[in-house]
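Structure below is work32.txt: compact mmCIF, C-alpha atoms.
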# COMPACT_ATOMS: atom_id res chain seq x y z
CA MET A 1 0.00 0.00 0.00
CA ALA A 2 1.47 3.33 -1.04
CA ALA A 3 0.42 6.80 -2.13
CA VAL A 4 -0.53 7.22 -5.76
CA MET A 5 2.32 9.05 -7.45
CA GLU A 6 0.84 10.94 -10.39
CA GLY A 7 2.24 12.06 -13.73
CA ARG A 8 6.02 12.43 -13.89
CA LEU A 9 6.25 11.42 -10.24
CA ALA A 10 5.08 7.85 -10.99
CA ASP A 11 8.62 6.92 -12.07
CA LEU A 12 10.45 7.35 -8.74
CA GLY A 13 13.79 6.95 -10.47
CA SER A 14 13.24 9.95 -12.73
CA TRP A 15 13.11 12.71 -10.11
CA THR A 16 14.88 13.76 -6.92
CA THR A 17 13.74 15.01 -3.55
CA GLU A 18 16.08 18.00 -3.35
CA GLU A 19 13.40 20.47 -2.24
CA CYS A 20 11.54 18.06 0.06
CA SER A 21 9.39 19.95 2.56
CA ILE A 22 9.64 17.07 5.04
CA ALA A 23 13.44 17.30 5.01
CA LYS A 24 13.28 21.08 5.47
CA ALA A 25 10.92 20.68 8.42
CA LEU A 26 13.16 18.05 10.01
CA ASP A 27 16.13 20.39 9.69
CA ILE A 28 14.29 22.57 12.23
CA VAL A 29 12.31 20.16 14.42
CA GLY A 30 13.99 16.83 13.73
CA THR A 31 15.46 16.28 17.18
CA ARG A 32 13.84 14.84 20.27
CA SER A 33 14.55 17.98 22.29
CA ALA A 34 13.08 20.30 19.63
CA VAL A 35 9.79 18.38 19.51
CA LEU A 36 9.61 18.12 23.30
CA ILE A 37 10.25 21.86 23.68
CA LEU A 38 7.33 22.44 21.31
CA ARG A 39 5.24 20.00 23.36
CA GLU A 40 6.01 22.05 26.45
CA ALA A 41 5.16 25.30 24.66
CA TYR A 42 1.78 23.78 23.71
CA TYR A 43 1.30 22.83 27.38
CA GLY A 44 2.04 26.40 28.47
CA THR A 45 5.72 26.39 29.42
CA ARG A 46 7.22 29.78 28.63
CA ARG A 47 10.42 30.17 30.60
CA PHE A 48 13.88 28.81 29.90
CA ASP A 49 14.27 26.90 33.15
CA GLY A 50 10.86 25.29 32.68
CA PHE A 51 11.79 24.00 29.24
CA ALA A 52 15.13 22.60 30.41
CA ARG A 53 13.62 20.95 33.49
CA ARG A 54 10.49 19.50 31.88
CA VAL A 55 12.27 18.21 28.78
CA GLY A 56 15.14 16.86 30.90
CA ILE A 57 17.97 18.48 28.97
CA THR A 58 20.96 20.57 29.97
CA ASP A 59 20.81 24.35 29.97
CA ALA A 60 23.17 24.38 26.99
CA ALA A 61 20.92 22.03 24.99
CA ALA A 62 17.83 24.04 25.94
CA ALA A 63 19.53 27.29 24.92
CA SER A 64 20.58 25.81 21.59
CA GLN A 65 17.14 24.42 20.75
CA LEU A 66 15.27 27.54 21.91
CA ARG A 67 17.60 29.68 19.79
CA LYS A 68 17.05 27.43 16.76
CA LEU A 69 13.24 27.38 17.16
CA THR A 70 13.21 31.15 17.68
CA GLU A 71 15.44 31.87 14.67
CA ALA A 72 13.24 29.57 12.55
CA GLY A 73 10.14 31.52 13.62
CA LEU A 74 8.29 28.87 15.66
CA LEU A 75 8.83 30.69 18.97
CA ALA A 76 9.19 34.38 19.78
CA LYS A 77 11.03 35.88 22.74
CA GLN A 78 9.09 38.30 24.92
CA PRO A 79 10.64 40.29 27.76
CA TYR A 80 9.38 39.91 31.32
CA GLN A 81 10.65 41.16 34.64
CA GLU A 82 10.00 39.86 38.11
CA GLU A 83 9.99 42.51 40.81
CA GLY A 84 13.50 43.42 41.87
CA LYS A 85 15.15 41.33 39.16
CA ARG A 86 16.62 42.01 35.76
CA THR A 87 14.60 41.74 32.55
CA ARG A 88 14.56 38.24 31.09
CA HIS A 89 12.83 36.59 28.16
CA GLU A 90 10.12 34.00 27.88
CA TYR A 91 9.21 32.03 24.78
CA VAL A 92 5.77 32.06 23.17
CA LEU A 93 4.46 30.18 20.17
CA THR A 94 4.11 32.08 16.92
CA GLN A 95 1.49 31.25 14.32
CA MET A 96 4.13 29.13 12.60
CA GLY A 97 4.66 27.19 15.82
CA ARG A 98 0.92 26.78 16.44
CA ASP A 99 0.50 25.50 12.87
CA LEU A 100 2.84 22.60 13.70
CA LEU A 101 0.43 21.34 16.39
CA PRO A 102 -1.27 18.69 14.19
CA ALA A 103 2.10 17.11 13.37
CA VAL A 104 3.11 16.94 17.04
CA LEU A 105 -0.30 15.58 18.04
CA ALA A 106 -0.05 12.99 15.25
CA LEU A 107 3.25 11.80 16.78
CA MET A 108 1.56 11.59 20.17
CA GLN A 109 -1.39 9.68 18.73
CA TRP A 110 0.94 7.25 16.94
CA GLY A 111 2.95 6.73 20.16
CA ASP A 112 -0.25 6.13 22.11
CA THR A 113 -1.34 3.48 19.61
CA TYR A 114 1.91 1.64 19.00
CA LEU A 115 4.33 2.35 21.85
CA GLN A 116 2.31 2.43 25.07
CA THR A 117 1.88 -0.88 26.86
CA GLY A 118 -1.51 0.14 28.21
CA PRO A 119 -3.86 3.09 27.96
CA ALA A 120 -2.54 6.42 26.71
CA PRO A 121 -1.26 8.60 29.57
CA LEU A 122 -3.06 11.68 28.25
CA LEU A 123 -6.31 12.13 26.34
CA LEU A 124 -6.87 14.78 23.69
CA VAL A 125 -10.34 16.25 24.03
CA ASP A 126 -12.38 19.18 22.80
CA GLY A 127 -12.11 21.67 25.68
CA ALA A 128 -15.72 22.77 25.21
CA THR A 129 -17.42 19.37 24.91
CA GLY A 130 -14.96 16.80 26.22
CA ALA A 131 -15.29 14.84 22.95
CA PRO A 132 -12.17 12.95 21.89
CA VAL A 133 -9.89 14.67 19.36
CA ARG A 134 -7.93 12.78 16.68
CA VAL A 135 -5.55 13.87 13.96
CA GLN A 136 -6.65 12.54 10.58
CA VAL A 137 -5.84 13.00 6.91
CA ARG A 138 -8.93 14.42 5.21
CA SER A 139 -9.73 16.09 1.93
CA GLU A 140 -10.95 19.68 1.96
CA ALA A 141 -14.45 18.21 1.50
CA GLY A 142 -13.99 16.29 4.77
CA ARG A 143 -13.53 12.74 3.44
CA GLU A 144 -10.95 10.67 5.30
CA ILE A 145 -8.13 9.67 2.94
CA GLU A 146 -6.24 6.38 3.31
CA LEU A 147 -2.62 6.09 2.14
CA ASN A 148 -3.56 4.24 -1.06
CA GLU A 149 -6.09 7.00 -1.86
CA LEU A 150 -3.58 9.82 -1.43
CA GLY A 151 -2.51 11.30 -4.74
CA VAL A 152 0.86 13.07 -4.97
CA ARG A 153 1.33 15.35 -7.96
CA LEU A 154 3.78 17.96 -9.06
CA ASN A 155 2.73 21.49 -8.10
CA GLU A 156 2.76 23.45 -11.36
CA SER A 157 3.08 26.76 -9.46
CA TYR A 158 6.31 25.45 -7.95
CA VAL A 159 7.56 24.34 -11.39
CA ARG A 160 6.85 27.81 -12.84
CA GLN A 161 8.68 29.48 -9.97
CA VAL A 162 11.74 27.25 -10.41
CA ARG A 163 11.76 27.97 -14.13
CA GLN A 164 11.51 31.72 -13.53
CA ARG A 165 14.36 31.63 -10.99
CA SER A 166 16.58 29.76 -13.41
CA GLY A 167 15.64 32.00 -16.36
CA VAL A 168 13.86 29.24 -18.30
CA PRO A 169 10.71 30.55 -20.07
CA ASP A 170 7.37 28.80 -19.50

What is this structure when it is put down as structure tokens?
Amino acid sequence: MAAVMEGRLADLGSWTTEECSIAKALDIVGTRSAVLILREAYYGTRRFDGFARRVGITDAAAASQLRKLTEAGLLAKQPYQEEGKRTRHEYVLTQMGRDLLPAVLALMQWGDTYLQTGPAPLLLVDGATGAPVRVQVRSEAGREIELNELGVRLNESYVRQVRQRSGVPD
């Protein structure tokens, strides 16, 4: 069972994955500590020491990952000051960071299903109704799409942009 590779993509040997969006995303969030820092940001952690402690990493590792996630645009630094102390920074999710939530929840859902020896430790629910929440692959019309129903085709807008950048006429 595999996705349906359409058009020129059907011959996997005839094209490369140089501009793969998955690879680009993993360059930013492809480490355990990066994903767990995002998990903590979704849970409400905002301060450096909270990230380091809750993720279980050294201060140096936390600083490196927070810097990387901030430079990439997933987190933003905001100043705060406790009374009588110097100004420090806390980290808040940007829209870019919030948009990654389904991917992180999908990892959680997969881990709950395949890696837990018993019930999932946490439940995802609709805060208003308590109804269970699941990450799914659906069409814009709302139909759930299985892997063998997923079509993958070349984006012609991307092709035009690449041609324009390289000076090749349409």

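The neighbours of stretch 38-43 of chain A here are the residues that come within 9 Å of it, using all atoms listed in the file and leaving out any residue fewer than 5 positions away in the same chain; they are A:Val29, A:Ser33, A:Gly50, A:Phe51, A:Arg54, A:Val55, A:Leu69, A:Leu74, A:Leu75, A:Tyr91, A:Val92, A:Leu93, A:Gly97, A:Arg98, A:Leu100, A:Leu101, A:Val104, A:Leu105.
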
Deliver the residues from the most recent selection as a file, using C-alpha atoms, as a short mmCIF file (atom, residue, chain, number, x, y, z; two decimals), in the coordinates of the input.
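Saved result, selection-v9.cif, follows:
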data_model
loop_
_atom_site.label_atom_id
_atom_site.label_comp_id
_atom_site.auth_asym_id
_atom_site.auth_seq_id
_atom_site.Cartn_x
_atom_site.Cartn_y
_atom_site.Cartn_z
CA VAL A 29 12.31 20.16 14.42
CA SER A 33 14.55 17.98 22.29
CA GLY A 50 10.86 25.29 32.68
CA PHE A 51 11.79 24.00 29.24
CA ARG A 54 10.49 19.50 31.88
CA VAL A 55 12.27 18.21 28.78
CA LEU A 69 13.24 27.38 17.16
CA LEU A 74 8.29 28.87 15.66
CA LEU A 75 8.83 30.69 18.97
CA TYR A 91 9.21 32.03 24.78
CA VAL A 92 5.77 32.06 23.17
CA LEU A 93 4.46 30.18 20.17
CA GLY A 97 4.66 27.19 15.82
CA ARG A 98 0.92 26.78 16.44
CA LEU A 100 2.84 22.60 13.70
CA LEU A 101 0.43 21.34 16.39
CA VAL A 104 3.11 16.94 17.04
CA LEU A 105 -0.30 15.58 18.04
#

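Separating atom CA of A:Arg143 from atom CA of A:Ser157 is a distance of 25.3 Å.
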
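Atom to atom, atom CA of A:Ser166 and atom CA of A:Glu18 stand 15.5 Å apart.
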
* May I have the residues within 10 Å of A:Leu124 as number ranges by chain, using only C-alpha atoms and disregarding those fewer than 5 positions away in the same chain? => A: 105, 108-109, 130-135

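Note that the spacing between atom CA of A:Leu154 and atom CA of A:Ile22 amounts to 15.3 Å.
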
Would you kindly return, as a CSV table (one decimal) with C-alpha atoms, in the coordinates of the input, each protein, DNA or RNA residue with an atom no farther than 8 Å from any atom of A:Asp59, considering only C-alpha atoms and excluding same-chain residues fewer than 4 positions away?
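After the write, out11.csv holds the following:
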chain,number,residue,atom,x,y,z
A,49,ASP,CA,14.3,26.9,33.2
A,52,ALA,CA,15.1,22.6,30.4
A,63,ALA,CA,19.5,27.3,24.9

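The smallest atom-to-atom distance between A:Glu90 and any of A:Met5, A:Leu122, A:Lys68, A:Arg47, using only C-alpha atoms, is found for A:Arg47.
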
Generate the missing atoms of stretch 60-77 of chain A up to N, CA, C and O atoms and report them as a JSON list (two decimals), keeping the file's coordinate frame.
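And here's selection.json as it stands now:
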[["chain", "number", "residue", "atom", "x", "y", "z"],
["A", 60, "ALA", "N", 22.55, 24.11, 28.30],
["A", 60, "ALA", "CA", 23.17, 24.38, 26.99],
["A", 60, "ALA", "C", 22.31, 23.83, 25.86],
["A", 60, "ALA", "O", 22.11, 24.50, 24.83],
["A", 61, "ALA", "N", 21.78, 22.63, 26.03],
["A", 61, "ALA", "CA", 20.92, 22.03, 24.99],
["A", 61, "ALA", "C", 19.62, 22.82, 24.85],
["A", 61, "ALA", "O", 19.15, 23.06, 23.73],
["A", 62, "ALA", "N", 19.06, 23.24, 25.98],
["A", 62, "ALA", "CA", 17.83, 24.04, 25.94],
["A", 62, "ALA", "C", 18.08, 25.36, 25.22],
["A", 62, "ALA", "O", 17.28, 25.79, 24.38],
["A", 63, "ALA", "N", 19.20, 26.01, 25.56],
["A", 63, "ALA", "CA", 19.53, 27.29, 24.92],
["A", 63, "ALA", "C", 19.69, 27.12, 23.42],
["A", 63, "ALA", "O", 19.19, 27.93, 22.63],
["A", 64, "SER", "N", 20.35, 26.07, 23.01],
["A", 64, "SER", "CA", 20.58, 25.81, 21.59],
["A", 64, "SER", "C", 19.26, 25.57, 20.85],
["A", 64, "SER", "O", 19.01, 26.16, 19.79],
["A", 65, "GLN", "N", 18.41, 24.73, 21.41],
["A", 65, "GLN", "CA", 17.14, 24.42, 20.75],
["A", 65, "GLN", "C", 16.20, 25.63, 20.76],
["A", 65, "GLN", "O", 15.53, 25.89, 19.75],
["A", 66, "LEU", "N", 16.13, 26.35, 21.85],
["A", 66, "LEU", "CA", 15.27, 27.54, 21.91],
["A", 66, "LEU", "C", 15.75, 28.59, 20.90],
["A", 66, "LEU", "O", 14.93, 29.23, 20.23],
["A", 67, "ARG", "N", 17.05, 28.75, 20.78],
["A", 67, "ARG", "CA", 17.60, 29.68, 19.79],
["A", 67, "ARG", "C", 17.21, 29.24, 18.38],
["A", 67, "ARG", "O", 16.76, 30.04, 17.57],
["A", 68, "LYS", "N", 17.37, 27.96, 18.09],
["A", 68, "LYS", "CA", 17.05, 27.43, 16.76],
["A", 68, "LYS", "C", 15.56, 27.59, 16.44],
["A", 68, "LYS", "O", 15.20, 28.04, 15.35],
["A", 69, "LEU", "N", 14.70, 27.26, 17.38],
["A", 69, "LEU", "CA", 13.24, 27.38, 17.16],
["A", 69, "LEU", "C", 12.82, 28.84, 17.05],
["A", 69, "LEU", "O", 11.90, 29.17, 16.29],
["A", 70, "THR", "N", 13.51, 29.73, 17.76],
["A", 70, "THR", "CA", 13.21, 31.15, 17.68],
["A", 70, "THR", "C", 13.69, 31.72, 16.34],
["A", 70, "THR", "O", 12.94, 32.43, 15.66],
["A", 71, "GLU", "N", 14.91, 31.39, 15.95],
["A", 71, "GLU", "CA", 15.44, 31.87, 14.67],
["A", 71, "GLU", "C", 14.61, 31.36, 13.49],
["A", 71, "GLU", "O", 14.46, 32.05, 12.49],
["A", 72, "ALA", "N", 14.06, 30.14, 13.61],
["A", 72, "ALA", "CA", 13.24, 29.57, 12.55],
["A", 72, "ALA", "C", 11.83, 30.18, 12.52],
["A", 72, "ALA", "O", 11.12, 30.01, 11.53],
["A", 73, "GLY", "N", 11.44, 30.86, 13.60],
["A", 73, "GLY", "CA", 10.14, 31.52, 13.62],
["A", 73, "GLY", "C", 9.03, 30.75, 14.30],
["A", 73, "GLY", "O", 7.87, 31.17, 14.25],
["A", 74, "LEU", "N", 9.32, 29.64, 14.98],
["A", 74, "LEU", "CA", 8.29, 28.87, 15.66],
["A", 74, "LEU", "C", 7.98, 29.43, 17.05],
["A", 74, "LEU", "O", 6.87, 29.28, 17.55],
["A", 75, "LEU", "N", 8.99, 30.04, 17.66],
["A", 75, "LEU", "CA", 8.83, 30.69, 18.97],
["A", 75, "LEU", "C", 9.28, 32.14, 18.84],
["A", 75, "LEU", "O", 10.11, 32.47, 17.99],
["A", 76, "ALA", "N", 8.75, 32.98, 19.70],
["A", 76, "ALA", "CA", 9.19, 34.38, 19.78],
["A", 76, "ALA", "C", 9.57, 34.67, 21.23],
["A", 76, "ALA", "O", 8.96, 34.14, 22.16],
["A", 77, "LYS", "N", 10.61, 35.48, 21.39],
["A", 77, "LYS", "CA", 11.03, 35.88, 22.74],
["A", 77, "LYS", "C", 10.27, 37.14, 23.13],
["A", 77, "LYS", "O", 10.16, 38.07, 22.35]]
